[in-house]
Amino acid sequence: MQIVCLQHVPFEGPAAVADWAASRGHALRPLRLFDGEPLYRIEQAELLVIMGGPMSVHDETEHPWLPFEKQAIRAAIENGKQVVGFCLGAQLIASVLGARVTPNPQPEIGWFPVQPVSTRYFDTPLSMLHWHGETFALPDGAEWLASSTACPHQGFQIGTQVLGWQCHPEVHPSDAESWVIESAADLVAGPYVQDAGRIRAEPASTYAQMHAFLFHMLDQFTTQQTP
């Protein structure tokens, strides 16, 4: 399978998605939008993976590639490609499909449990890393997959083609460390904001469980038959 991964900042790459792709024999190509890499390469993808980033889907003036990315995501969906988004990636998918992206009632940053709403991919709560201040409404026709106390819309799927997650099941410990450094200004005290020490202290077992979920989810999603 040919996978193209849209990357919005240097410190939010494919992480464990790349591990999954390599272990399954898939070819994954990161496309660094912040470096001006051309979006036409999306045409080569069978699976499009859209990563997170500190910007908003609404920040088109500050990031002039955003309107072109939205057009490319829309075209990928219309052309029948499978599309997966994490955090900003899920918000971009939701926005392209006509759902609102708005500020969450409070930022959600750190390790918090995600509860299954659907049992499609998991059936017991899982601790996930979160780092977001906005949230998406569910697009029309979406299956609601998961929630958290701070943010009800943690996951959605449309048919066998579109999948979005607000949380970050893909991160490695090195990614969490980079985010603590690069986005330190986000760590303002709040009911759902953990400090840097707490974020760094999460044990390896949590990452292992989270990555097991990610691998299972991507295996299931990519082997579904598209219409």
# chains A, B, ... in the order shown; residues from 1 in each chain; ligands from 1
$ residues_around --residues "stretch 89-95 of chain A" --least-positions-apart "4" --cutoff "8 Å" --atoms "only C-alpha atoms" --output "list of chain:residue names"
A:Val49, A:Ile50, A:Met51, A:Gly52, A:Val57, A:Lys70, A:Ile73, A:Arg74, A:Val84, A:Gly85, A:Ala99, A:Arg100, A:Val101, A:Thr135, A:Phe136, A:Ala137, A:Leu138, A:Pro139, A:Leu163, A:Gly164, A:Trp165, A:Gln166
$ write_last_selection --atoms "N, CA and C atoms" --output "PDB file, in the first residue's frame"
ATOM      1  N   VAL A  49      -2.838   9.913   5.393  1.00  0.00           N
ATOM      2  CA  VAL A  49      -2.800  10.096   6.847  1.00  0.00           C
ATOM      3  C   VAL A  49      -2.455  11.556   7.120  1.00  0.00           C
ATOM      4  N   ILE A  50      -3.253  12.219   7.952  1.00  0.00           N
ATOM      5  CA  ILE A  50      -3.097  13.649   8.211  1.00  0.00           C
ATOM      6  C   ILE A  50      -2.765  13.837   9.684  1.00  0.00           C
ATOM      7  N   MET A  51      -1.591  14.417   9.944  1.00  0.00           N
ATOM      8  CA  MET A  51      -1.107  14.532  11.310  1.00  0.00           C
ATOM      9  C   MET A  51      -1.633  15.802  11.979  1.00  0.00           C
ATOM     10  N   GLY A  52      -1.215  16.001  13.218  1.00  0.00           N
ATOM     11  CA  GLY A  52      -1.626  17.163  13.991  1.00  0.00           C
ATOM     12  C   GLY A  52      -0.722  18.355  13.768  1.00  0.00           C
ATOM     13  N   VAL A  57      -7.571  24.955  11.981  1.00  0.00           N
ATOM     14  CA  VAL A  57      -8.052  24.813  10.601  1.00  0.00           C
ATOM     15  C   VAL A  57      -8.434  26.169  10.014  1.00  0.00           C
ATOM     16  N   LYS A  70      -6.928  21.545   2.301  1.00  0.00           N
ATOM     17  CA  LYS A  70      -8.342  21.194   2.412  1.00  0.00           C
ATOM     18  C   LYS A  70      -8.886  20.711   1.078  1.00  0.00           C
ATOM     19  N   ILE A  73      -7.622  17.185   0.522  1.00  0.00           N
ATOM     20  CA  ILE A  73      -8.333  16.207   1.350  1.00  0.00           C
ATOM     21  C   ILE A  73      -9.711  15.917   0.756  1.00  0.00           C
ATOM     22  N   ARG A  74     -10.401  16.965   0.350  1.00  0.00           N
ATOM     23  CA  ARG A  74     -11.717  16.783  -0.263  1.00  0.00           C
ATOM     24  C   ARG A  74     -11.618  15.928  -1.523  1.00  0.00           C
ATOM     25  N   VAL A  84      -7.244   9.036   7.046  1.00  0.00           N
ATOM     26  CA  VAL A  84      -7.191   8.985   8.509  1.00  0.00           C
ATOM     27  C   VAL A  84      -6.572  10.289   9.004  1.00  0.00           C
ATOM     28  N   GLY A  85      -7.165  10.890  10.035  1.00  0.00           N
ATOM     29  CA  GLY A  85      -6.620  12.108  10.609  1.00  0.00           C
ATOM     30  C   GLY A  85      -6.490  12.015  12.110  1.00  0.00           C
ATOM     31  N   ALA A  99     -18.542  20.001   8.824  1.00  0.00           N
ATOM     32  CA  ALA A  99     -18.768  20.071  10.264  1.00  0.00           C
ATOM     33  C   ALA A  99     -17.984  21.243  10.861  1.00  0.00           C
ATOM     34  N   ARG A 100     -18.495  21.811  11.926  1.00  0.00           N
ATOM     35  CA  ARG A 100     -17.841  22.960  12.554  1.00  0.00           C
ATOM     36  C   ARG A 100     -16.659  22.525  13.398  1.00  0.00           C
ATOM     37  N   VAL A 101     -15.605  23.334  13.368  1.00  0.00           N
ATOM     38  CA  VAL A 101     -14.461  23.191  14.272  1.00  0.00           C
ATOM     39  C   VAL A 101     -14.435  24.445  15.146  1.00  0.00           C
ATOM     40  N   THR A 135     -12.106  21.532  18.926  1.00  0.00           N
ATOM     41  CA  THR A 135     -12.787  20.255  18.754  1.00  0.00           C
ATOM     42  C   THR A 135     -13.643  20.319  17.504  1.00  0.00           C
ATOM     43  N   PHE A 136     -14.018  19.158  16.992  1.00  0.00           N
ATOM     44  CA  PHE A 136     -14.870  19.073  15.806  1.00  0.00           C
ATOM     45  C   PHE A 136     -16.271  18.597  16.170  1.00  0.00           C
ATOM     46  N   ALA A 137     -17.251  19.073  15.434  1.00  0.00           N
ATOM     47  CA  ALA A 137     -18.573  18.451  15.445  1.00  0.00           C
ATOM     48  C   ALA A 137     -18.512  17.208  14.566  1.00  0.00           C
ATOM     49  N   LEU A 138     -19.421  16.274  14.785  1.00  0.00           N
ATOM     50  CA  LEU A 138     -19.435  15.066  13.968  1.00  0.00           C
ATOM     51  C   LEU A 138     -19.991  15.387  12.585  1.00  0.00           C
ATOM     52  N   PRO A 139     -19.272  15.018  11.525  1.00  0.00           N
ATOM     53  CA  PRO A 139     -19.813  15.236  10.178  1.00  0.00           C
ATOM     54  C   PRO A 139     -21.087  14.415   9.952  1.00  0.00           C
ATOM     55  N   LEU A 163     -11.724   8.245   8.698  1.00  0.00           N
ATOM     56  CA  LEU A 163     -11.553   7.976  10.121  1.00  0.00           C
ATOM     57  C   LEU A 163     -10.809   9.146  10.755  1.00  0.00           C
ATOM     58  N   GLY A 164     -11.342   9.664  11.862  1.00  0.00           N
ATOM     59  CA  GLY A 164     -10.711  10.782  12.544  1.00  0.00           C
ATOM     60  C   GLY A 164     -10.616  10.545  14.038  1.00  0.00           C
ATOM     61  N   TRP A 165      -9.460  10.926  14.621  1.00  0.00           N
ATOM     62  CA  TRP A 165      -9.237  10.818  16.065  1.00  0.00           C
ATOM     63  C   TRP A 165      -8.732  12.146  16.596  1.00  0.00           C
ATOM     64  N   GLN A 166      -9.365  12.644  17.653  1.00  0.00           N
ATOM     65  CA  GLN A 166      -8.902  13.878  18.287  1.00  0.00           C
ATOM     66  C   GLN A 166      -7.670  13.632  19.148  1.00  0.00           C
TER      67      GLN A 166
END
$ residues_around --residues "A:Trp111" --least-positions-apart "4" --cutoff "9 Å" --atoms "only C-alpha atoms" --output "ChimeraX atom specification"
/A:127-130,193-194,198-199,202
$ write_last_selection --atoms "N, CA and C atoms" --output "PDB file, in the first residue's frame"
ATOM      1  N   SER A 127      -5.903   5.002  28.124  1.00  0.00           N
ATOM      2  CA  SER A 127      -5.214   6.269  28.369  1.00  0.00           C
ATOM      3  C   SER A 127      -4.534   6.705  27.085  1.00  0.00           C
ATOM      4  N   MET A 128      -4.794   7.948  26.671  1.00  0.00           N
ATOM      5  CA  MET A 128      -4.223   8.495  25.437  1.00  0.00           C
ATOM      6  C   MET A 128      -3.618   9.866  25.738  1.00  0.00           C
ATOM      7  N   LEU A 129      -2.673  10.261  24.906  1.00  0.00           N
ATOM      8  CA  LEU A 129      -2.143  11.610  25.002  1.00  0.00           C
ATOM      9  C   LEU A 129      -3.026  12.558  24.199  1.00  0.00           C
ATOM     10  N   HIS A 130      -3.332  13.706  24.787  1.00  0.00           N
ATOM     11  CA  HIS A 130      -4.154  14.741  24.150  1.00  0.00           C
ATOM     12  C   HIS A 130      -3.350  16.039  24.137  1.00  0.00           C
ATOM     13  N   VAL A 193      -5.294  20.193  31.941  1.00  0.00           N
ATOM     14  CA  VAL A 193      -3.948  20.480  31.436  1.00  0.00           C
ATOM     15  C   VAL A 193      -2.945  19.981  32.471  1.00  0.00           C
ATOM     16  N   GLN A 194      -2.133  18.991  32.080  1.00  0.00           N
ATOM     17  CA  GLN A 194      -1.095  18.472  32.965  1.00  0.00           C
ATOM     18  C   GLN A 194       0.205  19.242  32.754  1.00  0.00           C
ATOM     19  N   ARG A 198       4.420  15.754  34.592  1.00  0.00           N
ATOM     20  CA  ARG A 198       3.414  14.680  34.548  1.00  0.00           C
ATOM     21  C   ARG A 198       3.350  14.047  33.160  1.00  0.00           C
ATOM     22  N   ILE A 199       3.412  14.853  32.122  1.00  0.00           N
ATOM     23  CA  ILE A 199       3.355  14.310  30.762  1.00  0.00           C
ATOM     24  C   ILE A 199       4.559  13.415  30.501  1.00  0.00           C
ATOM     25  N   GLU A 202       4.764   9.442  32.055  1.00  0.00           N
ATOM     26  CA  GLU A 202       3.904   8.315  31.667  1.00  0.00           C
ATOM     27  C   GLU A 202       4.755   7.085  31.363  1.00  0.00           C
TER      28      GLU A 202
END
$ residues_around --residues "A:Glu170" --least-positions-apart "4" --cutoff "10 Å" --atoms "only C-alpha atoms" --output "PyMOL selection string"
chain A and resi 12-20+51+86+128-129+175+207+210-211+213-215
$ residues_around --residues "A:Pro125" --least-positions-apart "6" --cutoff "7 Å" --atoms "only C-alpha atoms" --output "mmCIF file with all heavy atoms, in the first residue's frame"
data_model
loop_
_atom_site.group_PDB
_atom_site.id
_atom_site.type_symbol
_atom_site.label_atom_id
_atom_site.label_comp_id
_atom_site.auth_asym_id
_atom_site.auth_seq_id
_atom_site.Cartn_x
_atom_site.Cartn_y
_atom_site.Cartn_z
ATOM 1 N N PRO A 113 -8.103 9.354 29.991
ATOM 2 C CA PRO A 113 -8.746 8.182 29.385
ATOM 3 C C PRO A 113 -9.727 8.562 28.293
ATOM 4 O O PRO A 113 -10.426 9.571 28.369
ATOM 5 C CB PRO A 113 -9.447 7.514 30.571
ATOM 6 C CG PRO A 113 -9.621 8.592 31.587
ATOM 7 C CD PRO A 113 -8.467 9.537 31.410
ATOM 8 N N VAL A 114 -9.750 7.719 27.283
ATOM 9 C CA VAL A 114 -10.724 7.804 26.197
ATOM 10 C C VAL A 114 -11.681 6.634 26.360
ATOM 11 O O VAL A 114 -11.254 5.481 26.507
ATOM 12 C CB VAL A 114 -10.034 7.771 24.823
ATOM 13 C CG1 VAL A 114 -11.052 7.654 23.707
ATOM 14 C CG2 VAL A 114 -9.183 9.022 24.635
ATOM 15 N N GLN A 115 -12.966 6.949 26.345
ATOM 16 C CA GLN A 115 -14.004 5.948 26.539
ATOM 17 C C GLN A 115 -14.573 5.519 25.185
ATOM 18 O O GLN A 115 -14.867 6.367 24.346
ATOM 19 C CB GLN A 115 -15.154 6.523 27.387
ATOM 20 C CG GLN A 115 -14.738 7.256 28.640
ATOM 21 C CD GLN A 115 -14.423 6.313 29.768
ATOM 22 O OE1 GLN A 115 -14.780 5.136 29.727
ATOM 23 N NE2 GLN A 115 -13.749 6.814 30.791
ATOM 24 N N PRO A 116 -14.805 4.218 24.970
ATOM 25 C CA PRO A 116 -15.444 3.813 23.725
ATOM 26 C C PRO A 116 -16.928 4.183 23.723
ATOM 27 O O PRO A 116 -17.630 3.979 24.714
ATOM 28 C CB PRO A 116 -15.257 2.297 23.706
ATOM 29 C CG PRO A 116 -15.139 1.914 25.146
ATOM 30 C CD PRO A 116 -14.469 3.069 25.835
#
$ residues_around --residues "A:Lys81" --least-positions-apart "6" --cutoff "12 Å" --atoms "only C-alpha atoms" --output "compact mmCIF listing (two decimals) with N, CA and C atoms, in the first residue's frame"
# COMPACT_ATOMS: atom_id res chain seq x y z
N MET A 1 0.84 -1.20 0.00
CA MET A 1 0.00 0.00 0.00
C MET A 1 0.88 1.25 0.00
N GLN A 2 0.48 2.23 -0.80
CA GLN A 2 1.17 3.51 -0.84
C GLN A 2 0.46 4.48 0.12
N ILE A 3 1.21 5.00 1.10
CA ILE A 3 0.66 5.90 2.10
C ILE A 3 1.36 7.25 1.97
N VAL A 4 0.57 8.31 1.94
CA VAL A 4 1.12 9.67 2.02
C VAL A 4 0.68 10.27 3.35
N ILE A 42 -0.28 13.57 -3.39
CA ILE A 42 -1.40 12.85 -2.77
C ILE A 42 -2.04 11.91 -3.77
N GLU A 43 -1.98 12.25 -5.04
CA GLU A 43 -2.60 11.41 -6.06
C GLU A 43 -2.01 10.01 -6.06
N GLN A 44 -0.80 9.85 -5.56
CA GLN A 44 -0.14 8.55 -5.54
C GLN A 44 -0.60 7.68 -4.37
N ALA A 45 -1.34 8.25 -3.45
CA ALA A 45 -1.67 7.55 -2.20
C ALA A 45 -2.89 6.66 -2.34
N GLU A 46 -2.82 5.50 -1.70
CA GLU A 46 -4.01 4.69 -1.47
C GLU A 46 -4.62 5.03 -0.10
N LEU A 47 -3.75 5.39 0.83
CA LEU A 47 -4.16 5.83 2.17
C LEU A 47 -3.52 7.19 2.43
N LEU A 48 -4.33 8.14 2.85
CA LEU A 48 -3.86 9.47 3.23
C LEU A 48 -3.96 9.60 4.74
N VAL A 49 -2.84 9.91 5.39
CA VAL A 49 -2.80 10.10 6.85
C VAL A 49 -2.46 11.56 7.12
N ALA A 72 -7.19 19.29 -1.28
CA ALA A 72 -6.61 17.98 -1.55
C ALA A 72 -7.29 16.89 -0.73
N ILE A 73 -7.62 17.19 0.52
CA ILE A 73 -8.33 16.21 1.35
C ILE A 73 -9.71 15.92 0.76
N ARG A 74 -10.40 16.97 0.35
CA ARG A 74 -11.72 16.78 -0.26
C ARG A 74 -11.62 15.93 -1.52
N ALA A 75 -10.62 16.21 -2.34
CA ALA A 75 -10.44 15.44 -3.58
C ALA A 75 -10.12 13.98 -3.27
N GLY A 159 -18.43 5.37 6.93
CA GLY A 159 -18.32 4.22 6.05
C GLY A 159 -17.04 3.46 6.30
N THR A 160 -16.39 3.06 5.22
CA THR A 160 -15.11 2.36 5.33
C THR A 160 -13.97 3.24 4.84
N GLN A 161 -14.23 4.54 4.67
CA GLN A 161 -13.29 5.39 3.97
C GLN A 161 -12.64 6.47 4.83
N VAL A 162 -13.33 7.00 5.82
CA VAL A 162 -12.87 8.19 6.54
C VAL A 162 -12.84 7.90 8.04
N LEU A 163 -11.72 8.25 8.70
CA LEU A 163 -11.55 7.98 10.12
C LEU A 163 -10.81 9.15 10.75
N THR A 222 -7.91 -0.44 7.30
CA THR A 222 -7.37 -0.55 5.94
C THR A 222 -7.76 -1.83 5.23
N GLN A 225 -13.50 -3.20 3.05
CA GLN A 225 -13.73 -3.03 1.62
C GLN A 225 -14.39 -1.69 1.36
N THR A 226 -13.73 -0.85 0.57
CA THR A 226 -14.34 0.43 0.20
C THR A 226 -15.42 0.20 -0.83
N PRO A 227 -16.46 1.07 -0.85
CA PRO A 227 -17.57 0.87 -1.79
C PRO A 227 -17.08 0.89 -3.23
$ closest_residue --among "A:His168, A:His216, A:His26, A:His8" --to "A:Gly110" --atoms "only C-alpha atoms"
A:His168
$ select_by_dssp --residues "stretch 52-204 of chain A" --states "strand (DSSP E)" --output "PyMOL selection string"
chain A and resi 82-86+101-116+126-136+143-147+155-158+162-165
$ residues_around --residues "A:Glu108" --least-positions-apart "5" --cutoff "7 Å" --atoms "only C-alpha atoms" --output "PDB file with N, CA, C and O atoms, in the first residue's frame"
ATOM      1  N   HIS A 130      -3.332  13.706  24.787  1.00  0.00           N
ATOM      2  CA  HIS A 130      -4.154  14.741  24.150  1.00  0.00           C
ATOM      3  C   HIS A 130      -3.350  16.039  24.137  1.00  0.00           C
ATOM      4  O   HIS A 130      -2.585  16.323  25.058  1.00  0.00           O
ATOM      5  N   TRP A 131      -3.583  16.835  23.062  1.00  0.00           N
ATOM      6  CA  TRP A 131      -2.943  18.159  23.024  1.00  0.00           C
ATOM      7  C   TRP A 131      -3.744  19.026  22.051  1.00  0.00           C
ATOM      8  O   TRP A 131      -3.401  19.162  20.890  1.00  0.00           O
ATOM      9  N   HIS A 132      -4.833  19.611  22.553  1.00  0.00           N
ATOM     10  CA  HIS A 132      -5.679  20.399  21.655  1.00  0.00           C
ATOM     11  C   HIS A 132      -6.496  21.417  22.444  1.00  0.00           C
ATOM     12  O   HIS A 132      -6.811  21.215  23.619  1.00  0.00           O
ATOM     13  N   GLY A 133      -6.836  22.501  21.745  1.00  0.00           N
ATOM     14  CA  GLY A 133      -7.716  23.522  22.311  1.00  0.00           C
ATOM     15  C   GLY A 133      -9.018  23.653  21.553  1.00  0.00           C
ATOM     16  O   GLY A 133      -9.906  24.387  21.977  1.00  0.00           O
ATOM     17  N   ALA A 150     -13.286  15.665  28.973  1.00  0.00           N
ATOM     18  CA  ALA A 150     -13.095  17.052  28.552  1.00  0.00           C
ATOM     19  C   ALA A 150     -13.592  17.325  27.142  1.00  0.00           C
ATOM     20  O   ALA A 150     -13.897  18.472  26.802  1.00  0.00           O
ATOM     21  N   TYR A 192      -7.924  20.302  32.772  1.00  0.00           N
ATOM     22  CA  TYR A 192      -7.503  19.195  31.915  1.00  0.00           C
ATOM     23  C   TYR A 192      -6.178  19.517  31.225  1.00  0.00           C
ATOM     24  O   TYR A 192      -5.961  19.135  30.065  1.00  0.00           O
ATOM     25  N   VAL A 193      -5.294  20.193  31.941  1.00  0.00           N
ATOM     26  CA  VAL A 193      -3.948  20.480  31.436  1.00  0.00           C
ATOM     27  C   VAL A 193      -2.945  19.981  32.471  1.00  0.00           C
ATOM     28  O   VAL A 193      -2.909  20.468  33.598  1.00  0.00           O
TER      29      VAL A 193
END
$ closest_residue --among "A:Met217, A:Cys5, A:Ala27, A:Ala189" --to "A:Gln106" --atoms "only C-alpha atoms"
A:Ala189
$ atom_distance --atom1 "atom CA of A:Arg120" --atom2 "atom CA of A:Gln220"
9.1 Å
$ atom_distance --atom1 "atom CA of A:Asp219" --atom2 "atom CA of A:Arg41"
23.6 Å
$ select_by_dssp --residues "stretch 57-226 of chain A" --states "alpha helix (DSSP H)" --output "count of residues only"
56
